[in-house]
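Chemist: Attaching a single structure in structure tokens format; questions to follow.
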Amino acid sequence: MKSIEEIRNEIESFKIENAETLEQFRLAFLTKKSDIQALFGEIKNIAPEERKAFGQVINELKDRAQQRFDENKEKLENAQSAQSQIADVTRPSNTVSVGSMHPISIMMNQVRRIFEDIGFTSVTGPDIEDDWHVFTALNFAEEHPARDMQDTFFIELHPDILLRTHTSSLQVRTMEKQQPPIRVICPGRVFRNEAITSRAHCIFHQVEGLYVAENVSFADMKQTLLYFAQRMFGPEVKIRLRPSYFPFTEPSAEMDISCNICGGAGCNLCKHTGWVEILGSGMVDPNVLENCGIDSKKYSGFAFGLGIERMTMLKYTTNDIRLYFENDVRFLQQFKSATK
Ligand code: PHE
């Protein structure tokens, strides 16, 4: 019978180079018929006081054999999988599904870029506002209906705190901080206490613009808005300003563009008028300038505000505003090519 020393040497010197030699190693040292097992059979012939020490030695031998086997098995498996990865260049790669920008973000960025090109800077501010920035500074009368709970989400514990109903609050924040010339656009999310339908939502997005400097005229505003409409909807688009009312602008106007679906001939989208409304605008009311610490004798300005959802619906002819909030991937995927 082989000595313990002999077996130990064999275990250590056995060359395991591939699956075949690994299997030979297993058969030699790790099966019931191995020399190590035979040694276990010898225990009964050993003097009782030496049995414990003997048992320990052959157990160590067996553990060592198992250890060499495990190590080499793992090494061979790793090498094999690395090799197969290098070798099979035709293996299909893992598919990574790439998302796309949300249509609202796409549109916000487009609007922003158009105005940034003519010197406007983007500013952002808090969604949760106070009465001063959303209403009072903007010349809203004390009893104005927008201050009603029906139209505005107030924070119950504090009647002065509310979710902004328009990003005009950022006009105020900007003018409070900065003297003219001011040229900013204010993109952001706004909230109104409205029933959700295919055409209205209680959450939507706006981009507001504000330009204050010396001698700013209504004609400057009209030209700026025409530039915007043509870059957004194409050079053939026409604009039309209709008199309107906002507490913070005087005079005020709503702007329509010639319907981009029927080109003005009349269709469902424009309700057969040939025109669709896209924004509110006007010359900043002197009271608003004064409320924000700007000299209304020296400076004048214009402001405008447009709804992003509405614009996106027009540009991509979507007929239900709720689609923008459902995040159904089938809907969103249609805007993949517009992301760039
Ligand atoms: N803040 C107005 C709205 O939410 C839009 C607007 C902005 C009108 C600026 C005039 C000037 O409807």
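Residues are referred to by chain and number: the chain letter is A, B, ... according to the order shown in the structure tokens, the number counts from 1 in that chain, and ligands are numbered separately from 1 in the order shown.
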Quick one: residues within 7 Å of segment 117-124 of chain A, only C-alpha atoms counted, chain neighbours fewer than 2 positions away excluded, as a ChimeraX atom specification?
Modeler: /A:113-115,183-188
Chemist: Using only all heavy atoms, please write the residues we just selected to a file, as a PDB file, in the first residue's frame.
Modeler:
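Writing the result to part07.pdb gives the following:
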```pdb
ATOM      1  N   ARG A 113     -34.493  76.427 -27.549  1.00  0.00           N
ATOM      2  CA  ARG A 113     -33.416  76.675 -28.499  1.00  0.00           C
ATOM      3  C   ARG A 113     -33.752  77.854 -29.413  1.00  0.00           C
ATOM      4  O   ARG A 113     -32.911  78.694 -29.708  1.00  0.00           O
ATOM      5  CB  ARG A 113     -33.151  75.417 -29.336  1.00  0.00           C
ATOM      6  CG  ARG A 113     -31.796  75.447 -29.992  1.00  0.00           C
ATOM      7  CD  ARG A 113     -31.380  74.061 -30.489  1.00  0.00           C
ATOM      8  NE  ARG A 113     -31.594  73.029 -29.510  1.00  0.00           N
ATOM      9  CZ  ARG A 113     -32.121  71.823 -29.802  1.00  0.00           C
ATOM     10  NH1 ARG A 113     -32.507  71.531 -31.012  1.00  0.00           N
ATOM     11  NH2 ARG A 113     -32.268  70.921 -28.856  1.00  0.00           N
ATOM     12  N   ILE A 114     -35.008  77.914 -29.859  1.00  0.00           N
ATOM     13  CA  ILE A 114     -35.413  78.992 -30.772  1.00  0.00           C
ATOM     14  C   ILE A 114     -35.191  80.355 -30.117  1.00  0.00           C
ATOM     15  O   ILE A 114     -34.688  81.284 -30.736  1.00  0.00           O
ATOM     16  CB  ILE A 114     -36.888  78.797 -31.203  1.00  0.00           C
ATOM     17  CG1 ILE A 114     -36.996  77.568 -32.099  1.00  0.00           C
ATOM     18  CG2 ILE A 114     -37.420  80.034 -31.908  1.00  0.00           C
ATOM     19  CD1 ILE A 114     -38.424  77.143 -32.432  1.00  0.00           C
ATOM     20  N   PHE A 115     -35.549  80.435 -28.834  1.00  0.00           N
ATOM     21  CA  PHE A 115     -35.375  81.733 -28.160  1.00  0.00           C
ATOM     22  C   PHE A 115     -33.929  81.980 -27.735  1.00  0.00           C
ATOM     23  O   PHE A 115     -33.461  83.116 -27.742  1.00  0.00           O
ATOM     24  CB  PHE A 115     -36.336  81.854 -26.973  1.00  0.00           C
ATOM     25  CG  PHE A 115     -37.737  82.162 -27.420  1.00  0.00           C
ATOM     26  CD1 PHE A 115     -38.729  81.186 -27.392  1.00  0.00           C
ATOM     27  CD2 PHE A 115     -38.057  83.417 -27.918  1.00  0.00           C
ATOM     28  CE1 PHE A 115     -40.017  81.468 -27.833  1.00  0.00           C
ATOM     29  CE2 PHE A 115     -39.342  83.713 -28.362  1.00  0.00           C
ATOM     30  CZ  PHE A 115     -40.320  82.736 -28.321  1.00  0.00           C
ATOM     31  N   ARG A 183     -33.873  89.503 -20.764  1.00  0.00           N
ATOM     32  CA  ARG A 183     -34.386  88.667 -21.857  1.00  0.00           C
ATOM     33  C   ARG A 183     -34.375  87.226 -21.369  1.00  0.00           C
ATOM     34  O   ARG A 183     -33.339  86.568 -21.407  1.00  0.00           O
ATOM     35  CB  ARG A 183     -33.475  88.797 -23.074  1.00  0.00           C
ATOM     36  CG  ARG A 183     -34.173  89.461 -24.246  1.00  0.00           C
ATOM     37  CD  ARG A 183     -33.326  89.499 -25.468  1.00  0.00           C
ATOM     38  NE  ARG A 183     -31.971  89.974 -25.207  1.00  0.00           N
ATOM     39  CZ  ARG A 183     -31.135  90.369 -26.170  1.00  0.00           C
ATOM     40  NH1 ARG A 183     -31.534  90.342 -27.422  1.00  0.00           N
ATOM     41  NH2 ARG A 183     -29.915  90.768 -25.887  1.00  0.00           N
ATOM     42  N   VAL A 184     -35.499  86.765 -20.854  1.00  0.00           N
ATOM     43  CA  VAL A 184     -35.514  85.403 -20.301  1.00  0.00           C
ATOM     44  C   VAL A 184     -36.697  84.598 -20.838  1.00  0.00           C
ATOM     45  O   VAL A 184     -37.732  85.148 -21.216  1.00  0.00           O
ATOM     46  CB  VAL A 184     -35.621  85.396 -18.746  1.00  0.00           C
ATOM     47  CG1 VAL A 184     -34.328  85.863 -18.104  1.00  0.00           C
ATOM     48  CG2 VAL A 184     -36.801  86.201 -18.255  1.00  0.00           C
ATOM     49  N   ILE A 185     -36.526  83.299 -20.860  1.00  0.00           N
ATOM     50  CA  ILE A 185     -37.661  82.405 -21.041  1.00  0.00           C
ATOM     51  C   ILE A 185     -37.724  81.490 -19.823  1.00  0.00           C
ATOM     52  O   ILE A 185     -36.704  81.154 -19.225  1.00  0.00           O
ATOM     53  CB  ILE A 185     -37.621  81.584 -22.343  1.00  0.00           C
ATOM     54  CG1 ILE A 185     -36.257  80.939 -22.535  1.00  0.00           C
ATOM     55  CG2 ILE A 185     -38.021  82.421 -23.537  1.00  0.00           C
ATOM     56  CD1 ILE A 185     -36.306  79.841 -23.553  1.00  0.00           C
ATOM     57  N   CYS A 186     -38.951  81.145 -19.466  1.00  0.00           N
ATOM     58  CA  CYS A 186     -39.182  80.427 -18.223  1.00  0.00           C
ATOM     59  C   CYS A 186     -39.980  79.157 -18.518  1.00  0.00           C
ATOM     60  O   CYS A 186     -41.208  79.207 -18.605  1.00  0.00           O
ATOM     61  CB  CYS A 186     -39.977  81.278 -17.243  1.00  0.00           C
ATOM     62  SG  CYS A 186     -39.482  83.015 -17.213  1.00  0.00           S
ATOM     63  N   PRO A 187     -39.303  78.040 -18.721  1.00  0.00           N
ATOM     64  CA  PRO A 187     -40.022  76.795 -18.935  1.00  0.00           C
ATOM     65  C   PRO A 187     -40.389  76.169 -17.596  1.00  0.00           C
ATOM     66  O   PRO A 187     -39.635  76.314 -16.628  1.00  0.00           O
ATOM     67  CB  PRO A 187     -39.004  75.919 -19.665  1.00  0.00           C
ATOM     68  CG  PRO A 187     -37.665  76.465 -19.306  1.00  0.00           C
ATOM     69  CD  PRO A 187     -37.840  77.871 -18.785  1.00  0.00           C
ATOM     70  N   GLY A 188     -41.524  75.502 -17.525  1.00  0.00           N
ATOM     71  CA  GLY A 188     -41.839  74.840 -16.261  1.00  0.00           C
ATOM     72  C   GLY A 188     -43.214  74.201 -16.237  1.00  0.00           C
ATOM     73  O   GLY A 188     -44.029  74.378 -17.137  1.00  0.00           O
TER      74      GLY A 188
END
```
Chemist: Could you list, as a VMD selection string, all protein and nucleic acid residues with an atom at most 10 Å from ligand 1, counting only C-alpha atoms and all ligand atoms?
Modeler: chain A and resid 134 138 164 to 169 171 190 192 205 to 210 244 to 254 279 to 285 302 to 307
Chemist: Among segment 262-295 of chain A, which ones does DSSP assign to helix (DSSP H, G or I) (computed from the backbone)? Answer as an MDAnalysis selection string.
Modeler: chainID A and resid 286:291
Chemist: Within 12 Å of Arg26 of chain A, counting only C-alpha atoms, which residues show up once you throw out same-chain ones fewer than 6 positions away? Write them as number ranges by chain, please.
Modeler: A: 11, 14, 16, 19-20, 32-36, 62, 65-70, 72-73
Chemist: Kindly export the residues of the current selection with all heavy atoms, as a compact mmCIF listing (two decimals), in the first residue's frame.
Modeler:
```
# COMPACT_ATOMS: atom_id res chain seq x y z
N ILE A 11 -0.52 13.88 -5.21
CA ILE A 11 -1.57 14.92 -5.29
C ILE A 11 -0.94 16.24 -5.73
O ILE A 11 -1.45 16.93 -6.62
CB ILE A 11 -2.27 15.10 -3.93
CG1 ILE A 11 -3.13 13.88 -3.62
CG2 ILE A 11 -3.13 16.38 -3.93
CD1 ILE A 11 -3.75 13.90 -2.23
N PHE A 14 0.58 16.09 -9.51
CA PHE A 14 -0.31 15.71 -10.62
C PHE A 14 -0.58 16.92 -11.52
O PHE A 14 -0.98 17.98 -11.05
CB PHE A 14 -1.64 15.18 -10.05
CG PHE A 14 -2.41 14.35 -11.03
CD1 PHE A 14 -2.43 12.96 -10.93
CD2 PHE A 14 -3.13 14.95 -12.07
CE1 PHE A 14 -3.14 12.20 -11.83
CE2 PHE A 14 -3.83 14.19 -12.95
CZ PHE A 14 -3.85 12.79 -12.85
N ILE A 16 -2.66 18.93 -13.91
CA ILE A 16 -4.02 19.04 -14.45
C ILE A 16 -4.00 20.13 -15.51
O ILE A 16 -3.77 21.30 -15.20
CB ILE A 16 -5.03 19.40 -13.34
CG1 ILE A 16 -4.93 18.38 -12.19
CG2 ILE A 16 -6.45 19.45 -13.90
CD1 ILE A 16 -5.76 18.74 -10.99
N ALA A 19 -9.67 19.09 -19.28
CA ALA A 19 -10.78 18.37 -18.68
C ALA A 19 -10.45 16.90 -18.48
O ALA A 19 -10.87 16.29 -17.49
CB ALA A 19 -12.01 18.50 -19.58
N GLU A 20 -9.65 16.37 -19.39
CA GLU A 20 -9.31 14.94 -19.31
C GLU A 20 -8.45 14.63 -18.08
O GLU A 20 -8.74 13.71 -17.31
CB GLU A 20 -8.51 14.59 -20.55
CG GLU A 20 -8.92 13.29 -21.21
CD GLU A 20 -8.29 13.23 -22.58
OE1 GLU A 20 -7.15 12.73 -22.67
OE2 GLU A 20 -8.93 13.75 -23.53
N LYS A 32 -14.49 6.38 -4.38
CA LYS A 32 -14.51 5.37 -3.30
C LYS A 32 -13.34 4.40 -3.42
O LYS A 32 -12.91 3.80 -2.44
CB LYS A 32 -15.83 4.58 -3.39
CG LYS A 32 -17.03 5.41 -2.99
CD LYS A 32 -17.78 4.76 -1.83
CE LYS A 32 -18.48 5.73 -0.94
NZ LYS A 32 -19.45 6.60 -1.58
N LYS A 33 -12.84 4.25 -4.68
CA LYS A 33 -11.75 3.27 -4.88
C LYS A 33 -10.37 3.88 -4.78
O LYS A 33 -9.37 3.22 -5.05
CB LYS A 33 -11.92 2.62 -6.27
CG LYS A 33 -13.16 1.75 -6.34
CD LYS A 33 -13.23 1.05 -7.69
CE LYS A 33 -14.53 0.30 -7.82
NZ LYS A 33 -15.27 0.69 -9.01
N SER A 34 -10.29 5.14 -4.42
CA SER A 34 -8.99 5.81 -4.41
C SER A 34 -8.11 5.31 -3.26
O SER A 34 -8.59 4.70 -2.31
CB SER A 34 -9.19 7.32 -4.29
OG SER A 34 -9.63 7.60 -2.97
N ASP A 35 -6.80 5.63 -3.41
CA ASP A 35 -5.84 5.23 -2.37
C ASP A 35 -6.18 5.87 -1.03
O ASP A 35 -5.94 5.30 0.03
CB ASP A 35 -4.42 5.63 -2.79
CG ASP A 35 -3.99 4.87 -4.03
OD1 ASP A 35 -4.45 3.71 -4.20
OD2 ASP A 35 -3.22 5.43 -4.83
N ILE A 36 -6.73 7.07 -1.09
CA ILE A 36 -7.06 7.76 0.16
C ILE A 36 -8.16 6.99 0.89
O ILE A 36 -8.08 6.75 2.10
CB ILE A 36 -7.51 9.21 -0.09
CG1 ILE A 36 -6.41 9.99 -0.82
CG2 ILE A 36 -7.86 9.91 1.22
CD1 ILE A 36 -6.77 11.41 -1.19
N LYS A 62 -7.33 14.16 2.04
CA LYS A 62 -8.55 14.15 1.22
C LYS A 62 -9.01 15.59 0.91
O LYS A 62 -9.36 15.92 -0.22
CB LYS A 62 -9.65 13.41 1.99
CG LYS A 62 -10.91 13.22 1.19
CD LYS A 62 -11.96 12.47 1.98
CE LYS A 62 -13.32 13.00 1.61
NZ LYS A 62 -14.19 13.18 2.74
N ALA A 65 -6.84 17.13 -1.75
CA ALA A 65 -7.17 16.64 -3.09
C ALA A 65 -8.41 17.34 -3.62
O ALA A 65 -8.48 17.79 -4.77
CB ALA A 65 -7.37 15.12 -3.07
N GLN A 66 -9.40 17.47 -2.75
CA GLN A 66 -10.65 18.13 -3.15
C GLN A 66 -10.38 19.59 -3.53
O GLN A 66 -10.89 20.10 -4.53
CB GLN A 66 -11.66 18.07 -1.99
CG GLN A 66 -13.06 18.59 -2.34
CD GLN A 66 -13.76 17.67 -3.36
OE1 GLN A 66 -13.80 16.44 -3.18
NE2 GLN A 66 -14.28 18.25 -4.43
N GLN A 67 -9.51 20.21 -2.74
CA GLN A 67 -9.19 21.62 -2.99
C GLN A 67 -8.53 21.80 -4.35
O GLN A 67 -8.91 22.66 -5.13
CB GLN A 67 -8.25 22.11 -1.88
CG GLN A 67 -8.07 23.59 -1.86
CD GLN A 67 -6.97 23.98 -0.87
OE1 GLN A 67 -6.12 23.15 -0.47
NE2 GLN A 67 -6.97 25.23 -0.46
N ARG A 68 -7.54 20.93 -4.66
CA ARG A 68 -6.87 21.03 -5.97
C ARG A 68 -7.86 20.81 -7.09
O ARG A 68 -7.83 21.48 -8.12
CB ARG A 68 -5.75 19.98 -6.09
CG ARG A 68 -4.42 20.46 -5.54
CD ARG A 68 -3.26 19.89 -6.35
NE ARG A 68 -3.07 20.55 -7.63
CZ ARG A 68 -2.32 20.07 -8.62
NH1 ARG A 68 -1.71 18.90 -8.50
NH2 ARG A 68 -2.19 20.73 -9.75
N PHE A 69 -8.74 19.85 -6.87
CA PHE A 69 -9.75 19.56 -7.90
C PHE A 69 -10.63 20.79 -8.16
O PHE A 69 -10.79 21.24 -9.30
CB PHE A 69 -10.62 18.37 -7.46
CG PHE A 69 -11.72 18.04 -8.45
CD1 PHE A 69 -11.45 17.28 -9.58
CD2 PHE A 69 -13.01 18.52 -8.24
CE1 PHE A 69 -12.46 17.00 -10.50
CE2 PHE A 69 -14.01 18.25 -9.15
CZ PHE A 69 -13.74 17.48 -10.28
N ASP A 70 -11.15 21.37 -7.07
CA ASP A 70 -12.06 22.53 -7.22
C ASP A 70 -11.37 23.71 -7.90
O ASP A 70 -11.92 24.33 -8.81
CB ASP A 70 -12.60 22.97 -5.86
CG ASP A 70 -13.53 21.93 -5.25
OD1 ASP A 70 -14.01 21.05 -6.01
OD2 ASP A 70 -13.77 21.98 -4.03
N ASN A 72 -8.78 23.79 -9.88
CA ASN A 72 -8.47 23.57 -11.29
C ASN A 72 -9.72 23.51 -12.16
O ASN A 72 -9.72 23.96 -13.31
CB ASN A 72 -7.65 22.28 -11.46
CG ASN A 72 -6.19 22.54 -11.14
OD1 ASN A 72 -5.47 23.11 -11.95
ND2 ASN A 72 -5.79 22.19 -9.92
N LYS A 73 -10.78 22.98 -11.57
CA LYS A 73 -12.04 22.92 -12.32
C LYS A 73 -12.49 24.35 -12.65
O LYS A 73 -12.85 24.67 -13.78
CB LYS A 73 -13.09 22.22 -11.46
CG LYS A 73 -14.39 22.00 -12.19
CD LYS A 73 -15.28 21.03 -11.43
CE LYS A 73 -16.55 20.80 -12.20
NZ LYS A 73 -17.73 21.23 -11.50
```
Chemist: Let me make sure I understand: among A:Gln223, A:Pro126, A:Leu269, A:Leu289, which one has the smallest atom-to-atom distance to Val172 of chain A if we use only C-alpha atoms?
Modeler: A:Leu289
Chemist: Have a look at atom CA of Arg330 of chain A and atom CA of Leu314 of chain A and let me know their distance in Å, one decimal.
Modeler: 19.5 Å
